[in-house]
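Below is one structure, written out as structure tokens; the observations come after it.
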Protein chains: 2
Amino acid sequence: MNPRRHKTLLELQCELPAGELRFDSDTLQSHSGDKWFASRLPDAVALPRSTRSVATILRFAHRHNLPVTARGAGYGYVGGCVPSRGGVVLSLARMNRIKEINSHDFVTVVQPGVVTHHLHEAVEKQGLYYPPDPASRADSSIGGNIATNVASGSVVRLGSRTHKNKTGFDLARLFVGSEGLLGVVTEATLKLLPLPPFRACLGVGFGSMKGAARAIRAVFGSGTLPSALEVADAFTLAAAQKRTGSKLLTGCRAHIIVELDGQEGSVRSELKRLEEMIRAMKPVFVQRGYGAEDCEKFWQLRREFSYALRDTGLTKLNEDITVPRGRLEDLFCFAEWLQKKHHLPVACFGHAGDGNIHVNVMVDKMQPGAPRRSEAALDDLFRQVLAWGGVITGEHGIGLAKKRWWPDAASEEVRALHRVIKQALDPKGILNPGKFV
Amino acid sequence: MNPRRHKTLLELQCELPAGELRFDSDTLQSHSGDKWFASRLPDAVALPRSTRSVATILRFAHRHNLPVTARGAGYGYVGGCVPSRGGVVLSLARMNRIKEINSHDFVTVVQPGVVTHHLHEAVEKQGLYYPPDPASRADSSIGGNIATNVASGSVVRLGSRTHKNKTGFDLARLFVGSEGLLGVVTEATLKLLPLPPFRACLGVGFGSMKGAARAIRAVFGSGTLPSALEVADAFTLAAAQKRTGSKLLTGCRAHIIVELDGQEGSVRSELKRLEEMIRAMKPVFVQRGYGAEDCEKFWQLRREFSYALRDTGLTKLNEDITVPRGRLEDLFCFAEWLQKKHHLPVACFGHAGDGNIHVNVMVDKMQPGAPRRSEAALDDLFRQVLAWGGVITGEHGIGLAKKRWWPDAASEEVRALHRVIKQALDPKGILNPGKFV
């Protein structure tokens, strides 16, 4: 760090409560990136405990043209919180209070550092339900990519605690998912649902992906809206089998989980009908789980998929592409073609219900030419997904990892719109610089 | 109109296909406002048939600093499409094609002039479901307040046909509901659901609003998420009884409709449970309807409420405020207090499920001092709703009607954010000028 910047940062340190701005190398190291491979050391790490401190930091940064890269728990997949231009990493990890759970208004008010799983547990104790359920829920925090403080350091409250709002522009939605480029979240009011009194699951193994795809179509065709509908391919299953030692998956080349929730009687009878329908398709096996505890076992398997792929020792390029729902089968066929063309294993699993499939290109980084081939495979994948009217990211964002494909994913007009909005809200470009806008 | 502007508009007419720019007084008159009372004649009315024409108009307007006020069917309630500064009213009414209904991707692609009810009918024929169901669905159009063309006349495609998307900022959500201040919609891709195979309704009359509120709480408390939950107060019911001649409502001072949808067996058993629960509360009457045809009768009654209030001969100030869900009872109490204080009838009905209640302040405009009293009543209403953490509009927008309360509804920081975004996307301020930003 150049001495001038260091002096500036010491000034900032004086403006903050003790311990909220750190320079020690362990802290810098542990705030240099996320789950993606890229990283860079920041000049300092801010660990504010209040909205006031966050506003102080941003006002200061605005005055001194200091880059600020906000981060939640650092469990992102696209390098979104890598401090590409150095400066301050602003961690919201210490702002982790659940401030209110209101069972009359069906909302909760949380600070951004609250770990998702803790919120799940807390609201469920009161008979309430916060649906978002990332695989990383034990680690990732609510704040993530959301942002409600603008770059100049002024504090704004967007949206409302009502379940409907048409007051002016929908700025809350503009900030949500803006990847720290427009502002910093210091508090979020989240909608809750009544906790469904009952859950039930089917886990079904198929001899082919074609069979699984047919079952998925049949579920929707029956007018049923499952609370979750997950699918995994042969490569993923093989890895999971290796990790868990389970015999169950033998002979399976595709697997789906269907979950229903609601009133117990309805869930039981609807699951039975789905089971009959699916059994008639002659799958390899069908497992049924009634109640939260049984369902958890299915989800435990689902969460293992990610870890199982890591066990292979290969580097997993986890691409969260999303296709129009009618393209699911095409996508799985395409992934097989992709493997053959580029001689790289490709493992697919994800959310069949919304077309958001995690396509994992598995790379042996030691192999000569592997990085080049994996880039070429991603080129092919993204080109095809976009040609189908799909998108290159359904969850993780663009960050650094997908920056190269941003011009393919967004037209020149759309990119220009991003630039004018970025310019309007962060005129000095201090927020998360070096990313896609 | 000054002669220079007229000459400019004749130039624009030459750039457009025949019949797409009109000056005749009937057309000007019928495009001077919406369902709210304010109106102003535009200098010309554009009735484009293509995105290309819309882009031509906006490019031209941008070059010549010409105000452009976009409108759908003109069924808004807040004067949002009144051309406050004259110029061109841009009607999307002739762009009314349903371009695609896709049962694999669960999306439909429509032009903005498509009448909502027509879309309902078309998708339901294919076993699909478009949930939004405004009372004005026979007249209002999909386009309404949405906007996807920026002011400079460039054409952009935002969002995607996937059910999930994290590519860049959520600009589609920024344009949706921006009241024609940021751009003009020429095409929209809408998400569809599988058509639920069965619907069923309860219609329940209560002797008091307290009873109705208790029932509403019990419904949510049971972990049921109804597809609709509507409530109406005594004044509304009296007007409806007068209009329909129905004896049923005698003795009722509150009425709720609960609708469930889903698989037939589940819907029947869940409705039965809700009915038992509600009957135990000793309501005045309970009606049950199974199947779409029976349910339609309940909704026909619901749609009559609005017309019934108009039958009173009073002017209906329909305020679509939304309160946090726990404040429903407080709101109805407050509305009664409001009637007494200002000597004006207040009729409340609306969507108990999301806290969005239409509070109709009924004004006899012939009575001396009535307008002043009604403004004072709205002042009280909005102040209280905001104090509860509610919002002054949940559906209709700010427009002209609520412009006076915009500074109460949005903080100086939030209004500043609106201004910078408006300035960034419409630097010359040609889009729907004179409104709230």
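Within each chain, counting starts at residue 1; across the structure tokens, chains are named A, B, ... in the order shown, with ligands numbered 1 upward in that order.
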Note to self: Taking 4 positions as the minimum chain separation for residues in the same chain, which residues sit within 7 Å of B:Gly355 when counting only C-alpha atoms? Answer as a list in words.
What the structure shows: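 Non-adjacent residues within range: His163 of chain A; Thr322, Val323, Pro324, Arg325, Leu328 and His351 of chain B.
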Next item on the list: DSSP on the backbone, then: every residue of stretch 168-404 of chain B marked helix (DSSP H, G or I), written as JSON, numbers by chain.
Entry: {"B": [171, 172, 173, 174, 175, 209, 210, 211, 212, 213, 214, 215, 216, 217, 218, 219, 220, 221, 234, 235, 236, 237, 238, 239, 240, 241, 242, 243, 244, 264, 265, 266, 267, 268, 269, 270, 271, 272, 273, 274, 275, 276, 277, 278, 279, 291, 292, 293, 294, 295, 296, 297, 298, 299, 300, 301, 302, 303, 304, 305, 306, 307, 308, 309, 310, 311, 325, 326, 327, 328, 329, 330, 331, 332, 333, 334, 335, 336, 337, 338, 339, 340, 341, 342, 352, 353, 354, 370, 371, 372, 373, 374, 375, 376, 377, 378, 379, 380, 381, 382, 383, 384, 385, 386, 387, 403, 404]}
Notebook entry, point to check: Near A:Gly394, counting only C-alpha atoms, which residues have an atom at most 6 Å away, once you skip same-chain residues fewer than 6 positions from it, shown as a PyMOL selection string?
Noted result: (chain A and resi 320-322) or (chain B and resi 164-166)
Using the selection just defined, write its residues with C-alpha atoms as a PDB file, in the first residue's frame.
ATOM      1  CA  ASP A 320     -25.582 -21.252 -12.369  1.00  0.00           C
ATOM      2  CA  ILE A 321     -27.115 -20.828 -15.802  1.00  0.00           C
ATOM      3  CA  THR A 322     -30.895 -20.744 -16.164  1.00  0.00           C
TER       4      THR A 322
ATOM      5  CA  LYS B 164     -34.848 -16.714 -12.528  1.00  0.00           C
ATOM      6  CA  ASN B 165     -32.219 -14.216 -13.625  1.00  0.00           C
ATOM      7  CA  LYS B 166     -29.261 -12.506 -11.946  1.00  0.00           C
TER       8      LYS B 166
END
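Distances from B:Ala292, B:Val45, B:Val267, B:Val123 to B:Leu10 were compared using only C-alpha atoms, and the smallest one belongs to B:Val45.
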Notebook entry, point to check: Quick one: DSSP strand (DSSP E or B) residues in stretch 165-263 of chain B, as a VMD selection string?
Noted result: chain B and resid 183 to 184 188 to 191 193 to 194 198 to 206 228 to 233 254 to 262
Would you put the residues from that selection into a file with N, CA and C atoms, as a tab-separated table (two decimals), in the first residue's frame?
chain	number	residue	atom	x	y	z
B	183	GLY	N	-39.77	5.19	-19.28
B	183	GLY	CA	-39.77	4.59	-20.60
B	183	GLY	C	-41.15	4.12	-20.98
B	184	VAL	N	-41.24	3.44	-22.11
B	184	VAL	CA	-42.52	2.97	-22.63
B	184	VAL	C	-42.41	1.47	-22.92
B	188	ALA	N	-44.05	-7.34	-23.36
B	188	ALA	CA	-43.77	-7.87	-22.02
B	188	ALA	C	-43.80	-9.38	-22.06
B	189	THR	N	-42.83	-10.02	-21.40
B	189	THR	CA	-42.83	-11.47	-21.23
B	189	THR	C	-43.26	-11.76	-19.81
B	190	LEU	N	-44.36	-12.48	-19.65
B	190	LEU	CA	-44.96	-12.68	-18.34
B	190	LEU	C	-44.87	-14.14	-17.93
B	191	LYS	N	-44.60	-14.37	-16.67
B	191	LYS	CA	-44.53	-15.72	-16.14
B	191	LYS	C	-45.95	-16.29	-15.99
B	193	LEU	N	-48.32	-19.79	-14.56
B	193	LEU	CA	-48.33	-20.97	-13.69
B	193	LEU	C	-49.20	-22.04	-14.33
B	194	PRO	N	-49.03	-23.30	-13.90
B	194	PRO	CA	-50.02	-24.29	-14.34
B	194	PRO	C	-51.39	-23.88	-13.81
B	198	PHE	N	-58.59	-27.05	-9.67
B	198	PHE	CA	-59.84	-26.86	-8.93
B	198	PHE	C	-59.77	-25.59	-8.09
B	199	ARG	N	-60.93	-24.94	-7.94
B	199	ARG	CA	-61.04	-23.77	-7.06
B	199	ARG	C	-62.27	-23.94	-6.18
B	200	ALA	N	-62.21	-23.35	-5.01
B	200	ALA	CA	-63.40	-23.33	-4.17
B	200	ALA	C	-63.37	-22.08	-3.29
B	201	CYS	N	-64.55	-21.61	-2.93
B	201	CYS	CA	-64.68	-20.34	-2.19
B	201	CYS	C	-65.58	-20.48	-0.98
B	202	LEU	N	-65.27	-19.69	0.03
B	202	LEU	CA	-66.24	-19.41	1.09
B	202	LEU	C	-66.58	-17.94	1.03
B	203	GLY	N	-67.87	-17.64	1.16
B	203	GLY	CA	-68.30	-16.25	1.35
B	203	GLY	C	-68.95	-16.20	2.72
B	204	VAL	N	-68.47	-15.31	3.59
B	204	VAL	CA	-68.95	-15.30	4.97
B	204	VAL	C	-69.37	-13.89	5.38
B	205	GLY	N	-70.60	-13.78	5.90
B	205	GLY	CA	-71.06	-12.50	6.43
B	205	GLY	C	-70.93	-12.48	7.94
B	206	PHE	N	-70.47	-11.35	8.47
B	206	PHE	CA	-70.29	-11.22	9.92
B	206	PHE	C	-71.11	-10.04	10.45
B	228	ALA	N	-56.88	-16.22	-2.52
B	228	ALA	CA	-57.40	-14.86	-2.35
B	228	ALA	C	-58.10	-14.78	-1.01
B	229	LEU	N	-58.08	-13.59	-0.41
B	229	LEU	CA	-58.75	-13.36	0.87
B	229	LEU	C	-59.19	-11.91	0.87
B	230	GLU	N	-60.50	-11.71	0.63
B	230	GLU	CA	-61.04	-10.37	0.45
B	230	GLU	C	-61.95	-9.99	1.60
B	231	VAL	N	-62.00	-8.70	1.89
B	231	VAL	CA	-62.86	-8.24	2.98
B	231	VAL	C	-63.60	-6.98	2.54
B	232	ALA	N	-64.83	-6.81	3.04
B	232	ALA	CA	-65.60	-5.60	2.75
B	232	ALA	C	-66.32	-5.14	4.01
B	233	ASP	N	-66.51	-3.81	4.15
B	233	ASP	CA	-67.11	-3.28	5.37
B	233	ASP	C	-68.60	-2.97	5.20
B	254	ALA	N	-69.85	-6.93	7.89
B	254	ALA	CA	-68.54	-7.26	7.30
B	254	ALA	C	-68.70	-8.54	6.49
B	255	HIS	N	-67.85	-8.68	5.50
B	255	HIS	CA	-67.97	-9.84	4.62
B	255	HIS	C	-66.58	-10.25	4.17
B	256	ILE	N	-66.29	-11.54	4.16
B	256	ILE	CA	-65.01	-11.98	3.61
B	256	ILE	C	-65.24	-13.05	2.54
B	257	ILE	N	-64.33	-13.11	1.59
B	257	ILE	CA	-64.28	-14.21	0.62
B	257	ILE	C	-62.92	-14.88	0.80
B	258	VAL	N	-62.94	-16.18	0.98
B	258	VAL	CA	-61.69	-16.96	1.03
B	258	VAL	C	-61.69	-17.89	-0.17
B	259	GLU	N	-60.67	-17.82	-0.99
B	259	GLU	CA	-60.60	-18.76	-2.12
B	259	GLU	C	-59.37	-19.65	-1.98
B	260	LEU	N	-59.53	-20.92	-2.24
B	260	LEU	CA	-58.41	-21.86	-2.29
B	260	LEU	C	-58.33	-22.42	-3.71
B	261	ASP	N	-57.13	-22.73	-4.18
B	261	ASP	CA	-57.03	-23.45	-5.45
B	261	ASP	C	-55.99	-24.55	-5.34
B	262	GLY	N	-56.07	-25.51	-6.25
B	262	GLY	CA	-55.14	-26.65	-6.20
B	262	GLY	C	-55.83	-27.92	-6.66
Could you name the residues that touch B:Asp170 at 7 Å or less, counting only C-alpha atoms, but leaving out those on the same chain fewer than 3 positions away, as a PDB file with C-alpha atoms, in the first residue's frame?
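Okay, this is what ended up in around.pdb:
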ATOM      1  CA  ARG A 173     -35.511  -4.275  -6.269  1.00  0.00           C
ATOM      2  CA  LEU A 174     -32.866  -2.235  -8.058  1.00  0.00           C
TER       3      LEU A 174
ATOM      4  CA  ARG B 173     -38.252  -4.325 -11.920  1.00  0.00           C
ATOM      5  CA  LEU B 174     -37.125  -0.709 -12.009  1.00  0.00           C
TER       6      LEU B 174
END
